[in-house]
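Have a look at model-v2.cif; it's mmCIF, C-alpha atoms, pLDDT in the B column; chains and numbers go by the auth columns:
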```
data_my_file
#
loop_
_atom_site.group_PDB
_atom_site.id
_atom_site.type_symbol
_atom_site.label_atom_id
_atom_site.label_comp_id
_atom_site.label_asym_id
_atom_site.label_seq_id
_atom_site.Cartn_x
_atom_site.Cartn_y
_atom_site.Cartn_z
_atom_site.B_iso_or_equiv
_atom_site.auth_seq_id
_atom_site.auth_asym_id
ATOM 1 C CA MET A 1 0.000 0.000 0.000 76.00 1317 U
ATOM 2 C CA ASN A 2 2.876 2.325 0.843 89.00 1318 U
ATOM 3 C CA LEU A 3 4.485 1.647 -2.533 91.00 1319 U
ATOM 4 C CA LEU A 4 1.244 2.420 -4.376 91.00 1320 U
ATOM 5 C CA LEU A 5 0.923 5.791 -2.647 92.00 1321 U
ATOM 6 C CA ILE A 6 4.531 6.723 -3.502 94.00 1322 U
ATOM 7 C CA ARG A 7 3.965 5.790 -7.176 94.00 1323 U
ATOM 8 C CA LEU A 8 0.794 7.895 -7.264 95.00 1324 U
ATOM 9 C CA ILE A 9 2.602 10.920 -5.812 96.00 1325 U
ATOM 10 C CA ILE A 10 5.486 10.541 -8.285 96.00 1326 U
ATOM 11 C CA PHE A 11 3.039 10.218 -11.194 97.00 1327 U
ATOM 12 C CA ALA A 12 1.144 13.361 -10.080 97.00 1328 U
ATOM 13 C CA VAL A 13 4.382 15.376 -9.736 97.00 1329 U
ATOM 14 C CA LEU A 14 5.564 14.271 -13.203 97.00 1330 U
ATOM 15 C CA PHE A 15 2.161 15.045 -14.716 97.00 1331 U
ATOM 16 C CA PHE A 16 2.065 18.593 -13.284 97.00 1332 U
ATOM 17 C CA ALA A 17 5.705 19.225 -14.233 97.00 1333 U
ATOM 18 C CA GLY A 18 4.970 18.140 -17.806 97.00 1334 U
ATOM 19 C CA LEU A 19 1.890 20.335 -17.920 96.00 1335 U
ATOM 20 C CA LYS A 20 3.897 23.313 -16.666 97.00 1336 U
ATOM 21 C CA LEU A 21 6.616 22.712 -19.289 97.00 1337 U
ATOM 22 C CA TYR A 22 4.013 22.468 -22.046 96.00 1338 U
ATOM 23 C CA ARG A 23 2.440 25.795 -21.012 95.00 1339 U
ATOM 24 C CA MET A 24 5.859 27.472 -20.905 95.00 1340 U
ATOM 25 C CA TYR A 25 6.636 26.137 -24.396 94.00 1341 U
ATOM 26 C CA ARG A 26 3.322 27.436 -25.776 93.00 1342 U
ATOM 27 C CA GLU A 27 3.918 30.917 -24.327 91.00 1343 U
ATOM 28 C CA TRP A 28 7.462 30.979 -25.690 88.00 1344 U
ATOM 29 C CA LYS A 29 6.272 29.937 -29.151 89.00 1345 U
ATOM 30 C CA LEU A 30 3.487 32.567 -29.188 86.00 1346 U
ATOM 31 C CA ASP A 31 5.941 35.277 -28.104 82.00 1347 U
ATOM 32 C CA ARG A 32 8.394 34.242 -30.802 84.00 1348 U
ATOM 33 C CA ASP A 33 5.900 33.851 -33.671 81.00 1349 U
ATOM 34 C CA GLY A 34 3.448 36.616 -32.720 67.00 1350 U
ATOM 35 C CA PRO A 35 5.376 39.753 -33.751 59.00 1351 U
ATOM 36 C CA GLN A 36 6.412 38.263 -37.111 56.00 1352 U
ATOM 37 C CA GLN A 37 2.815 37.627 -38.096 51.00 1353 U
ATOM 38 C CA GLU A 38 1.805 41.154 -37.119 51.00 1354 U
ATOM 39 C CA GLY A 39 4.717 42.600 -39.111 49.00 1355 U
ATOM 40 C CA ASP A 40 3.623 40.816 -42.282 52.00 1356 U
ATOM 41 C CA GLN A 41 0.110 42.229 -42.169 57.00 1357 U
ATOM 42 C CA GLY A 42 0.339 45.507 -44.057 53.00 1358 U
ATOM 43 C CA ASN A 43 3.488 47.029 -42.592 76.00 1359 U
ATOM 44 C CA ARG A 44 5.560 46.513 -45.738 89.00 1360 U
ATOM 45 C CA MET A 45 7.628 49.563 -46.613 92.00 1361 U
ATOM 46 C CA VAL A 46 7.617 51.055 -50.124 93.00 1362 U
ATOM 47 C CA ARG A 47 9.645 53.873 -51.713 94.00 1363 U
ATOM 48 C CA CYS A 48 8.177 57.018 -53.227 94.00 1364 U
ATOM 49 C CA SER A 49 9.183 57.177 -56.895 92.00 1365 U
ATOM 50 C CA TRP A 50 9.577 60.963 -56.734 91.00 1366 U
ATOM 51 C CA CYS A 51 11.452 61.698 -53.479 94.00 1367 U
ATOM 52 C CA GLN A 52 12.759 58.174 -52.630 92.00 1368 U
ATOM 53 C CA VAL A 53 11.340 58.319 -49.070 93.00 1369 U
ATOM 54 C CA HIS A 54 10.237 55.012 -47.519 94.00 1370 U
ATOM 55 C CA LEU A 55 6.757 54.799 -46.024 93.00 1371 U
ATOM 56 C CA PRO A 56 4.291 52.064 -45.005 92.00 1372 U
ATOM 57 C CA GLU A 57 2.416 50.529 -47.907 89.00 1373 U
ATOM 58 C CA GLU A 58 -0.936 51.314 -46.285 89.00 1374 U
ATOM 59 C CA ASP A 59 -0.115 55.072 -46.308 90.00 1375 U
ATOM 60 C CA ALA A 60 1.247 55.164 -49.872 92.00 1376 U
ATOM 61 C CA LEU A 61 -0.527 55.865 -53.148 91.00 1377 U
ATOM 62 C CA ARG A 62 -0.048 53.559 -56.117 91.00 1378 U
ATOM 63 C CA GLU A 63 -0.320 54.651 -59.730 89.00 1379 U
ATOM 64 C CA ARG A 64 0.730 52.596 -62.774 86.00 1380 U
ATOM 65 C CA GLY A 65 2.909 50.293 -60.693 87.00 1381 U
ATOM 66 C CA ASP A 66 4.782 53.116 -58.906 91.00 1382 U
ATOM 67 C CA TRP A 67 4.433 54.162 -55.248 92.00 1383 U
ATOM 68 C CA PHE A 68 4.091 57.759 -54.021 94.00 1384 U
ATOM 69 C CA CYS A 69 3.980 59.433 -50.615 93.00 1385 U
ATOM 70 C CA SER A 70 1.475 62.107 -51.708 93.00 1386 U
ATOM 71 C CA GLY A 71 -0.779 63.119 -54.559 92.00 1387 U
ATOM 72 C CA ASP A 72 1.485 66.073 -55.333 93.00 1388 U
ATOM 73 C CA HIS A 73 4.520 63.823 -55.860 94.00 1389 U
ATOM 74 C CA ARG A 74 2.420 61.467 -57.979 92.00 1390 U
ATOM 75 C CA ASP A 75 1.326 64.336 -60.225 93.00 1391 U
ATOM 76 C CA LYS A 76 4.873 65.703 -60.578 92.00 1392 U
ATOM 77 C CA TYR A 77 6.286 62.279 -61.408 93.00 1393 U
ATOM 78 C CA LEU A 78 3.624 61.487 -63.999 91.00 1394 U
ATOM 79 C CA ALA A 79 4.011 64.934 -65.629 93.00 1395 U
ATOM 80 C CA GLU A 80 7.777 64.414 -65.832 92.00 1396 U
ATOM 81 C CA ARG A 81 7.301 60.966 -67.361 91.00 1397 U
ATOM 82 C CA LYS A 82 4.889 62.402 -69.937 91.00 1398 U
ATOM 83 C CA GLU A 83 7.450 65.052 -70.930 93.00 1399 U
ATOM 84 C CA GLU A 84 10.184 62.430 -71.241 91.00 1400 U
ATOM 85 C CA GLN A 85 7.981 60.314 -73.489 90.00 1401 U
ATOM 86 C CA LYS A 86 7.259 63.327 -75.733 91.00 1402 U
ATOM 87 C CA GLU A 87 10.997 64.039 -76.025 91.00 1403 U
ATOM 88 C CA GLU A 88 11.710 60.408 -76.876 90.00 1404 U
ATOM 89 C CA LYS A 89 9.095 60.495 -79.633 90.00 1405 U
ATOM 90 C CA LYS A 90 10.611 63.688 -81.079 89.00 1406 U
ATOM 91 C CA GLU A 91 14.081 62.132 -81.057 89.00 1407 U
ATOM 92 C CA ALA A 92 12.768 58.968 -82.703 87.00 1408 U
ATOM 93 C CA GLN A 93 11.111 61.053 -85.432 88.00 1409 U
ATOM 94 C CA LYS A 94 14.336 63.003 -85.976 85.00 1410 U
ATOM 95 C CA ASP A 95 16.259 59.749 -86.317 84.00 1411 U
ATOM 96 C CA GLU A 96 13.746 58.428 -88.855 84.00 1412 U
ATOM 97 C CA ASN A 97 13.940 61.664 -90.855 84.00 1413 U
ATOM 98 C CA GLN A 98 17.748 61.512 -90.760 83.00 1414 U
ATOM 99 C CA GLN A 99 17.714 57.921 -92.065 81.00 1415 U
ATOM 100 C CA GLU A 100 15.337 58.867 -94.875 78.00 1416 U
ATOM 101 C CA LYS A 101 17.605 61.720 -95.922 77.00 1417 U
ATOM 102 C CA ASP A 102 20.648 59.428 -95.886 74.00 1418 U
ATOM 103 C CA ASP A 103 18.919 56.864 -98.115 64.00 1419 U
#
```
Would you mind writing the structure in this file as structure tokens?
Amino acid sequence: MNLLLIRLIIFAVLFFAGLKLYRMYREWKLDRDGPQQEGDQGNRMVRCSWCQVHLPEEDALRERGDWFCSGDHRDKYLAERKEEQKEEKKEAQKDENQQEKDD
């Protein structure tokens, strides 16, 4: 009878120690994995195409695949791109005219 009681006490101590270890492991795992999951949910940083400043994706504006920190920078960037495209077309036309003259 004495031996049975000792075995029961040892089993209870081992059971509660295992339970305590399991709870500590779960808390450790939640602490380790928790912040990473929060960081992946919308806190990605993007760069403004005009001023090169980094800002959170949720605060940025997106236009034609480019990111911008404000509507003003978006408008300036798109106007500049439009001017560059016009200049490229003029240069391409000049090159074509030059080739026609050479032929």
Quiz item: Any idea what's packed within 12 Å of Gly1387 of chain U, counting all atoms listed in the file, ignoring anything in its chain fewer than 2 positions away? Could you give it as JSON, numbers by chain?
Solution: {"U": [1364, 1365, 1366, 1375, 1376, 1377, 1378, 1379, 1383, 1384, 1385, 1389, 1390, 1391, 1392, 1393, 1394]}
Quiz item: atom CA of Tyr1338 of chain U and atom CA of Leu1320 of chain U are how many Å apart?
Solution: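 Here the two named atoms are 26.9 Å from each other.
Distance-wise, atom CA of Gly1334 of chain U and atom CA of Met1317 of chain U end up 25.9 Å apart.
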Practice problem: In Å, rounded to a single decimal, give me how far atom CA of Leu1330 of chain U is from atom CA of Glu1343 of chain U. | Solution: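 A separation of 20.1 Å between them.
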Practice problem: Would you translate the PyMOL selection byres ((chain U and resi 1373) around 8) into the concrete set of residues it matches in this file, as an MDAnalysis selection string? | Solution: chainID U and resid 1358:1362 1371:1372 1374:1376
Given 8 Å on each side, where is the centre and what are the edge lengths in Å to one decimal of the axis-aligned box enclosing the listed atoms of segment 1391-1396 of chain U, as JSON?
```
{"center_x": 4.6, "center_y": 63.6, "center_z": -63.0, "size_x": 22.5, "size_y": 20.2, "size_z": 21.6}
```
Keeping just N, CA, C and O atoms, export segment 1337-1352 of chain U of this structure as a PDB file, in the first residue's frame.
```pdb
ATOM      1  N   LEU U1337       5.683  22.578 -18.183  1.00  0.00           N
ATOM      2  CA  LEU U1337       6.616  22.712 -19.289  1.00  0.00           C
ATOM      3  C   LEU U1337       5.888  22.963 -20.607  1.00  0.00           C
ATOM      4  O   LEU U1337       6.307  23.790 -21.419  1.00  0.00           O
ATOM      5  N   TYR U1338       4.790  22.274 -20.829  1.00  0.00           N
ATOM      6  CA  TYR U1338       4.013  22.468 -22.046  1.00  0.00           C
ATOM      7  C   TYR U1338       3.470  23.899 -22.123  1.00  0.00           C
ATOM      8  O   TYR U1338       3.522  24.541 -23.171  1.00  0.00           O
ATOM      9  N   ARG U1339       2.955  24.422 -21.041  1.00  0.00           N
ATOM     10  CA  ARG U1339       2.440  25.795 -21.012  1.00  0.00           C
ATOM     11  C   ARG U1339       3.559  26.804 -21.263  1.00  0.00           C
ATOM     12  O   ARG U1339       3.360  27.787 -21.971  1.00  0.00           O
ATOM     13  N   MET U1340       4.723  26.571 -20.679  1.00  0.00           N
ATOM     14  CA  MET U1340       5.859  27.472 -20.905  1.00  0.00           C
ATOM     15  C   MET U1340       6.281  27.444 -22.378  1.00  0.00           C
ATOM     16  O   MET U1340       6.573  28.485 -22.966  1.00  0.00           O
ATOM     17  N   TYR U1341       6.288  26.257 -22.984  1.00  0.00           N
ATOM     18  CA  TYR U1341       6.636  26.137 -24.396  1.00  0.00           C
ATOM     19  C   TYR U1341       5.633  26.883 -25.271  1.00  0.00           C
ATOM     20  O   TYR U1341       6.009  27.581 -26.215  1.00  0.00           O
ATOM     21  N   ARG U1342       4.347  26.733 -24.985  1.00  0.00           N
ATOM     22  CA  ARG U1342       3.322  27.436 -25.776  1.00  0.00           C
ATOM     23  C   ARG U1342       3.475  28.945 -25.680  1.00  0.00           C
ATOM     24  O   ARG U1342       3.368  29.657 -26.678  1.00  0.00           O
ATOM     25  N   GLU U1343       3.718  29.476 -24.500  1.00  0.00           N
ATOM     26  CA  GLU U1343       3.918  30.917 -24.327  1.00  0.00           C
ATOM     27  C   GLU U1343       5.163  31.390 -25.079  1.00  0.00           C
ATOM     28  O   GLU U1343       5.139  32.427 -25.726  1.00  0.00           O
ATOM     29  N   TRP U1344       6.228  30.621 -24.996  1.00  0.00           N
ATOM     30  CA  TRP U1344       7.462  30.979 -25.690  1.00  0.00           C
ATOM     31  C   TRP U1344       7.235  31.011 -27.200  1.00  0.00           C
ATOM     32  O   TRP U1344       7.658  31.929 -27.895  1.00  0.00           O
ATOM     33  N   LYS U1345       6.526  30.002 -27.721  1.00  0.00           N
ATOM     34  CA  LYS U1345       6.272  29.937 -29.151  1.00  0.00           C
ATOM     35  C   LYS U1345       5.378  31.091 -29.600  1.00  0.00           C
ATOM     36  O   LYS U1345       5.609  31.690 -30.647  1.00  0.00           O
ATOM     37  N   LEU U1346       4.358  31.444 -28.845  1.00  0.00           N
ATOM     38  CA  LEU U1346       3.487  32.567 -29.188  1.00  0.00           C
ATOM     39  C   LEU U1346       4.256  33.884 -29.156  1.00  0.00           C
ATOM     40  O   LEU U1346       4.057  34.751 -30.006  1.00  0.00           O
ATOM     41  N   ASP U1347       5.135  34.054 -28.180  1.00  0.00           N
ATOM     42  CA  ASP U1347       5.941  35.277 -28.104  1.00  0.00           C
ATOM     43  C   ASP U1347       6.898  35.378 -29.291  1.00  0.00           C
ATOM     44  O   ASP U1347       7.124  36.457 -29.828  1.00  0.00           O
ATOM     45  N   ARG U1348       7.434  34.252 -29.695  1.00  0.00           N
ATOM     46  CA  ARG U1348       8.394  34.242 -30.802  1.00  0.00           C
ATOM     47  C   ARG U1348       7.701  34.440 -32.142  1.00  0.00           C
ATOM     48  O   ARG U1348       8.166  35.210 -32.974  1.00  0.00           O
ATOM     49  N   ASP U1349       6.582  33.793 -32.382  1.00  0.00           N
ATOM     50  CA  ASP U1349       5.900  33.851 -33.671  1.00  0.00           C
ATOM     51  C   ASP U1349       4.929  35.019 -33.779  1.00  0.00           C
ATOM     52  O   ASP U1349       4.606  35.448 -34.877  1.00  0.00           O
ATOM     53  N   GLY U1350       4.453  35.559 -32.700  1.00  0.00           N
ATOM     54  CA  GLY U1350       3.448  36.616 -32.720  1.00  0.00           C
ATOM     55  C   GLY U1350       3.872  37.878 -33.444  1.00  0.00           C
ATOM     56  O   GLY U1350       3.212  38.306 -34.381  1.00  0.00           O
ATOM     57  N   PRO U1351       4.984  38.509 -33.095  1.00  0.00           N
ATOM     58  CA  PRO U1351       5.376  39.753 -33.751  1.00  0.00           C
ATOM     59  C   PRO U1351       5.657  39.600 -35.247  1.00  0.00           C
ATOM     60  O   PRO U1351       5.398  40.495 -36.005  1.00  0.00           O
ATOM     61  N   GLN U1352       6.137  38.463 -35.693  1.00  0.00           N
ATOM     62  CA  GLN U1352       6.412  38.263 -37.111  1.00  0.00           C
ATOM     63  C   GLN U1352       5.122  38.270 -37.907  1.00  0.00           C
ATOM     64  O   GLN U1352       5.058  38.830 -38.987  1.00  0.00           O
TER      65      GLN U1352
END
```
